Amino acid sequence: MKKWFWVGVALALYGGVPAWAAEVDAPDAYELYEKKQFKAAYRLWYPQALKGDSVAQYAVGVMLMYGQDIKPDRVAALKWLHKAAAQGEEQAMQQLMWLYSDGKYVAEDKAQARRWAEKLEAQGDDLCVK
């Protein structure tokens, strides 16, 4: 069974529970995540991320960035987020834009933030900041 979920990027950045945005081959992962069973959700998403699933890559990246019941690994998180964004995963691009513009979890890089905002704007995303 496949489900569609949309992310609230601002909530993800500031401690809220993000909703994942696209098809996931492991349909229970989102439900586990919502129940705050983060390790179990991670175990379902990680193999999908390795197979190239951009949504799973995004999910793994966010979980690693914020250390949701797993050890935070900002370097690995950025790797997964960039992989997802390279495949056109809009939520990963939004996450990277916010991360680089905020500077709270990764070094602030306004040029990177602008680059992701421009890519989002080119795709018609209305969440990008000017």
# chains A, B, ... in the order shown; residues from 1 in each chain; ligands from 1
$ residues_around --residues "Gly67 (chain A)" --least-positions-apart "4" --cutoff "12 Å" --atoms "only C-alpha atoms" --output "VMD selection string"
chain A and resid 12 to 13 15 38 to 39 42 59 to 63 71 to 74 76 to 77 105
$ write_last_selection --atoms "all heavy atoms" --output "tab-separated table (two decimals), in the first residue's frame"
chain	number	residue	atom	x	y	z
A	12	ALA	N	9.34	20.74	11.12
A	12	ALA	CA	10.45	19.79	11.22
A	12	ALA	C	11.68	20.47	11.80
A	12	ALA	O	12.39	19.91	12.61
A	12	ALA	CB	10.76	19.19	9.86
A	13	LEU	N	11.92	21.69	11.36
A	13	LEU	CA	13.11	22.40	11.81
A	13	LEU	C	13.03	22.79	13.27
A	13	LEU	O	14.04	22.88	13.95
A	13	LEU	CB	13.32	23.66	10.97
A	13	LEU	CG	13.88	23.41	9.58
A	13	LEU	CD1	13.89	24.70	8.79
A	13	LEU	CD2	15.29	22.85	9.67
A	15	GLY	N	11.31	21.31	15.88
A	15	GLY	CA	10.92	20.31	16.87
A	15	GLY	C	9.56	19.69	16.70
A	15	GLY	O	9.19	18.83	17.47
A	38	PHE	N	10.75	5.97	16.57
A	38	PHE	CA	11.69	6.45	15.57
A	38	PHE	C	12.67	5.39	15.08
A	38	PHE	O	12.95	5.30	13.90
A	38	PHE	CB	12.45	7.66	16.11
A	38	PHE	CG	11.55	8.81	16.48
A	38	PHE	CD1	11.58	9.35	17.76
A	38	PHE	CD2	10.66	9.35	15.56
A	38	PHE	CE1	10.76	10.42	18.10
A	38	PHE	CE2	9.84	10.41	15.89
A	38	PHE	CZ	9.89	10.94	17.17
A	39	LYS	N	13.20	4.58	16.01
A	39	LYS	CA	14.16	3.55	15.58
A	39	LYS	C	13.52	2.57	14.62
A	39	LYS	O	14.14	2.16	13.64
A	39	LYS	CB	14.74	2.82	16.80
A	39	LYS	CG	15.74	3.64	17.57
A	39	LYS	CD	16.31	2.85	18.73
A	39	LYS	CE	17.26	3.73	19.52
A	39	LYS	NZ	17.78	3.05	20.71
A	42	TYR	N	13.06	4.25	11.28
A	42	TYR	CA	14.38	4.37	10.64
A	42	TYR	C	14.79	3.04	10.01
A	42	TYR	O	15.28	3.01	8.88
A	42	TYR	CB	15.40	4.82	11.67
A	42	TYR	CG	16.79	5.04	11.12
A	42	TYR	CD1	17.13	6.26	10.55
A	42	TYR	CD2	17.74	4.04	11.17
A	42	TYR	CE1	18.41	6.48	10.05
A	42	TYR	CE2	19.01	4.24	10.67
A	42	TYR	CZ	19.34	5.46	10.11
A	42	TYR	OH	20.60	5.66	9.60
A	59	ALA	N	13.66	11.13	4.60
A	59	ALA	CA	13.28	10.76	5.96
A	59	ALA	C	14.51	10.42	6.80
A	59	ALA	O	14.65	10.88	7.94
A	59	ALA	CB	12.31	9.57	5.93
A	60	VAL	N	15.40	9.63	6.25
A	60	VAL	CA	16.64	9.25	6.95
A	60	VAL	C	17.46	10.51	7.24
A	60	VAL	O	17.98	10.68	8.35
A	60	VAL	CB	17.44	8.20	6.13
A	60	VAL	CG1	18.84	8.04	6.68
A	60	VAL	CG2	16.70	6.88	6.13
A	61	GLY	N	17.56	11.40	6.27
A	61	GLY	CA	18.31	12.63	6.46
A	61	GLY	C	17.76	13.48	7.59
A	61	GLY	O	18.52	13.98	8.43
A	62	VAL	N	16.45	13.63	7.63
A	62	VAL	CA	15.83	14.43	8.69
A	62	VAL	C	16.04	13.77	10.05
A	62	VAL	O	16.38	14.45	11.03
A	62	VAL	CB	14.32	14.65	8.41
A	62	VAL	CG1	13.61	15.23	9.61
A	62	VAL	CG2	14.16	15.56	7.20
A	63	MET	N	15.85	12.47	10.12
A	63	MET	CA	16.02	11.78	11.40
A	63	MET	C	17.46	11.89	11.91
A	63	MET	O	17.69	12.08	13.10
A	63	MET	CB	15.58	10.33	11.28
A	63	MET	CG	14.08	10.20	11.03
A	63	MET	SD	13.53	8.50	10.97
A	63	MET	CE	13.44	8.18	12.73
A	71	LYS	N	21.45	8.48	17.07
A	71	LYS	CA	22.55	9.43	17.25
A	71	LYS	C	22.57	10.42	16.09
A	71	LYS	O	22.61	10.02	14.93
A	71	LYS	CB	23.88	8.67	17.32
A	71	LYS	CG	25.06	9.57	17.59
A	71	LYS	CD	26.34	8.78	17.67
A	71	LYS	CE	27.51	9.73	17.87
A	71	LYS	NZ	28.78	9.03	17.81
A	72	PRO	N	22.55	11.72	16.40
A	72	PRO	CA	22.61	12.70	15.31
A	72	PRO	C	23.92	12.58	14.53
A	72	PRO	O	24.97	12.33	15.13
A	72	PRO	CB	22.56	14.06	16.03
A	72	PRO	CG	22.11	13.77	17.41
A	72	PRO	CD	22.48	12.36	17.70
A	73	ASP	N	23.83	12.71	13.24
A	73	ASP	CA	25.00	12.68	12.38
A	73	ASP	C	24.75	13.69	11.27
A	73	ASP	O	24.14	13.38	10.25
A	73	ASP	CB	25.23	11.28	11.82
A	73	ASP	CG	26.51	11.16	11.00
A	73	ASP	OD1	27.02	12.20	10.53
A	73	ASP	OD2	26.98	10.03	10.82
A	74	ARG	N	25.17	14.93	11.49
A	74	ARG	CA	24.88	16.01	10.56
A	74	ARG	C	25.51	15.79	9.18
A	74	ARG	O	24.91	16.12	8.17
A	74	ARG	CB	25.35	17.36	11.13
A	74	ARG	CG	24.85	17.69	12.52
A	74	ARG	CD	23.48	18.30	12.51
A	74	ARG	NE	23.05	18.93	13.74
A	74	ARG	CZ	22.60	18.30	14.81
A	74	ARG	NH1	22.57	17.01	14.86
A	74	ARG	NH2	22.15	18.97	15.86
A	76	ALA	N	26.20	12.83	7.69
A	76	ALA	CA	25.40	11.81	6.99
A	76	ALA	C	24.03	12.37	6.62
A	76	ALA	O	23.50	12.08	5.55
A	76	ALA	CB	25.26	10.56	7.85
A	77	ALA	N	23.46	13.18	7.50
A	77	ALA	CA	22.14	13.77	7.22
A	77	ALA	C	22.19	14.61	5.96
A	77	ALA	O	21.31	14.49	5.09
A	77	ALA	CB	21.69	14.61	8.42
A	105	TYR	N	21.69	24.04	12.66
A	105	TYR	CA	22.18	22.66	12.66
A	105	TYR	C	23.40	22.46	11.77
A	105	TYR	O	24.15	21.51	11.96
A	105	TYR	CB	21.06	21.70	12.23
A	105	TYR	CG	19.95	21.63	13.24
A	105	TYR	CD1	18.82	22.43	13.12
A	105	TYR	CD2	20.04	20.80	14.35
A	105	TYR	CE1	17.80	22.39	14.05
A	105	TYR	CE2	19.03	20.74	15.29
A	105	TYR	CZ	17.92	21.54	15.14
A	105	TYR	OH	16.91	21.50	16.07
$ residues_around --residues "Ala113 (chain A)" --least-positions-apart "6" --cutoff "12 Å" --atoms "only C-alpha atoms" --output "ChimeraX atom specification"
/A:93-103,106-107,119-120,128-130
$ write_last_selection --atoms "all heavy atoms" --output "short mmCIF file (atom, residue, chain, number, x, y, z; two decimals), in the first residue's frame"
data_model
loop_
_atom_site.label_atom_id
_atom_site.label_comp_id
_atom_site.auth_asym_id
_atom_site.auth_seq_id
_atom_site.Cartn_x
_atom_site.Cartn_y
_atom_site.Cartn_z
N MET A 93 14.74 19.60 -0.78
CA MET A 93 15.23 20.92 -1.19
C MET A 93 14.81 21.99 -0.18
O MET A 93 15.59 22.86 0.18
CB MET A 93 14.70 21.28 -2.57
CG MET A 93 15.28 20.46 -3.69
SD MET A 93 14.62 21.08 -5.27
CE MET A 93 14.57 19.57 -6.19
N GLN A 94 13.56 21.91 0.27
CA GLN A 94 13.08 22.86 1.27
C GLN A 94 13.89 22.73 2.56
O GLN A 94 14.29 23.73 3.15
CB GLN A 94 11.60 22.62 1.56
CG GLN A 94 10.69 22.97 0.43
CD GLN A 94 9.27 22.51 0.65
OE1 GLN A 94 8.98 21.74 1.58
NE2 GLN A 94 8.36 22.95 -0.20
N GLN A 95 14.11 21.51 2.97
CA GLN A 95 14.87 21.27 4.20
C GLN A 95 16.28 21.87 4.09
O GLN A 95 16.75 22.54 5.00
CB GLN A 95 14.96 19.76 4.47
CG GLN A 95 15.50 19.39 5.79
CD GLN A 95 14.54 19.68 6.94
OE1 GLN A 95 15.00 20.01 8.00
NE2 GLN A 95 13.26 19.54 6.75
N LEU A 96 16.94 21.65 2.95
CA LEU A 96 18.28 22.19 2.75
C LEU A 96 18.25 23.71 2.74
O LEU A 96 19.12 24.37 3.33
CB LEU A 96 18.88 21.64 1.45
CG LEU A 96 19.27 20.17 1.50
CD1 LEU A 96 19.52 19.64 0.10
CD2 LEU A 96 20.46 19.95 2.41
N MET A 97 17.25 24.28 2.10
CA MET A 97 17.13 25.74 2.08
C MET A 97 17.02 26.28 3.51
O MET A 97 17.74 27.20 3.89
CB MET A 97 15.91 26.16 1.27
CG MET A 97 15.70 27.66 1.23
SD MET A 97 14.14 28.14 0.42
CE MET A 97 12.93 27.56 1.62
N TRP A 98 16.15 25.68 4.32
CA TRP A 98 15.96 26.15 5.69
C TRP A 98 17.20 25.91 6.53
O TRP A 98 17.58 26.76 7.34
CB TRP A 98 14.75 25.47 6.32
CG TRP A 98 13.45 25.97 5.79
CD1 TRP A 98 12.59 25.29 4.97
CD2 TRP A 98 12.84 27.23 6.01
NE1 TRP A 98 11.51 26.06 4.67
CE2 TRP A 98 11.63 27.26 5.30
CE3 TRP A 98 13.21 28.36 6.73
CZ2 TRP A 98 10.80 28.37 5.30
CZ3 TRP A 98 12.37 29.46 6.73
CH2 TRP A 98 11.18 29.46 6.02
N LEU A 99 17.82 24.75 6.38
CA LEU A 99 19.02 24.45 7.16
C LEU A 99 20.14 25.45 6.89
O LEU A 99 20.76 25.97 7.82
CB LEU A 99 19.51 23.03 6.87
CG LEU A 99 18.70 21.90 7.48
CD1 LEU A 99 19.09 20.57 6.85
CD2 LEU A 99 18.86 21.87 8.99
N TYR A 100 20.40 25.71 5.62
CA TYR A 100 21.48 26.62 5.27
C TYR A 100 21.15 28.08 5.61
O TYR A 100 22.03 28.87 5.90
CB TYR A 100 21.86 26.48 3.79
CG TYR A 100 22.63 25.22 3.49
CD1 TYR A 100 22.15 24.32 2.55
CD2 TYR A 100 23.82 24.93 4.14
CE1 TYR A 100 22.87 23.15 2.26
CE2 TYR A 100 24.53 23.78 3.86
CZ TYR A 100 24.05 22.89 2.92
OH TYR A 100 24.75 21.74 2.64
N SER A 101 19.88 28.44 5.56
CA SER A 101 19.54 29.82 5.88
C SER A 101 19.49 30.05 7.39
O SER A 101 19.83 31.13 7.86
CB SER A 101 18.21 30.23 5.23
OG SER A 101 17.14 29.51 5.79
N ASP A 102 19.12 29.03 8.15
CA ASP A 102 18.98 29.15 9.60
C ASP A 102 20.33 29.08 10.31
O ASP A 102 20.58 29.81 11.26
CB ASP A 102 18.04 28.05 10.11
CG ASP A 102 17.74 28.16 11.57
OD1 ASP A 102 17.43 29.26 12.04
OD2 ASP A 102 17.82 27.13 12.27
N GLY A 103 21.18 28.15 9.88
CA GLY A 103 22.50 28.01 10.49
C GLY A 103 22.49 27.37 11.86
O GLY A 103 23.50 27.36 12.55
N VAL A 106 23.55 23.30 10.78
CA VAL A 106 24.71 23.26 9.90
C VAL A 106 25.22 24.69 9.76
O VAL A 106 24.51 25.65 10.09
CB VAL A 106 24.39 22.67 8.50
CG1 VAL A 106 23.88 21.24 8.63
CG2 VAL A 106 23.39 23.52 7.76
N ALA A 107 26.43 24.84 9.28
CA ALA A 107 26.98 26.18 9.11
C ALA A 107 26.09 26.99 8.17
O ALA A 107 25.67 26.50 7.12
CB ALA A 107 28.40 26.09 8.55
N LYS A 119 16.02 26.90 -7.00
CA LYS A 119 15.57 25.63 -7.60
C LYS A 119 14.10 25.39 -7.28
O LYS A 119 13.34 24.95 -8.14
CB LYS A 119 16.42 24.46 -7.09
CG LYS A 119 17.79 24.40 -7.70
CD LYS A 119 18.52 23.15 -7.27
CE LYS A 119 19.88 23.14 -7.92
NZ LYS A 119 20.26 21.85 -8.42
N LEU A 120 13.72 25.67 -6.05
CA LEU A 120 12.32 25.50 -5.66
C LEU A 120 11.41 26.46 -6.42
O LEU A 120 10.36 26.06 -6.90
CB LEU A 120 12.17 25.70 -4.15
CG LEU A 120 12.70 24.56 -3.29
CD1 LEU A 120 12.93 25.02 -1.86
CD2 LEU A 120 11.75 23.38 -3.34
N CYS A 128 9.31 28.90 -0.96
CA CYS A 128 10.66 29.47 -0.98
C CYS A 128 10.61 30.94 -0.59
O CYS A 128 9.65 31.64 -0.83
CB CYS A 128 11.35 29.26 -2.32
SG CYS A 128 10.48 29.99 -3.70
N VAL A 129 11.69 31.36 0.06
CA VAL A 129 11.76 32.74 0.53
C VAL A 129 12.54 33.59 -0.46
O VAL A 129 13.46 33.11 -1.10
CB VAL A 129 12.41 32.82 1.93
CG1 VAL A 129 11.50 32.21 2.96
CG2 VAL A 129 13.77 32.15 1.94
N LYS A 130 12.17 34.82 -0.56
CA LYS A 130 12.86 35.74 -1.48
C LYS A 130 13.92 36.49 -0.73
O LYS A 130 13.82 36.78 0.40
CB LYS A 130 11.85 36.71 -2.08
CG LYS A 130 10.75 35.99 -2.80
CD LYS A 130 10.80 36.28 -4.25
CE LYS A 130 9.68 35.53 -4.92
NZ LYS A 130 9.99 34.97 -6.14
#
$ closest_residue --among "A:Ala111, A:Asp125, A:Ala29, A:Leu64" --to "Pro47 (chain A)" --atoms "only C-alpha atoms"
A:Ala29
$ atom_distance --atom1 "CA of Asp69 (chain A)" --atom2 "CA of Trp116 (chain A)"
28.1 Å
$ atom_distance --atom1 "CA of Ser54 (chain A)" --atom2 "CA of Glu31 (chain A)"
18.4 Å
$ closest_residue --among "A:Ala56, A:Gly124, A:Gln68, A:Leu44" --to "Trp80 (chain A)" --atoms "only C-alpha atoms"
A:Ala56
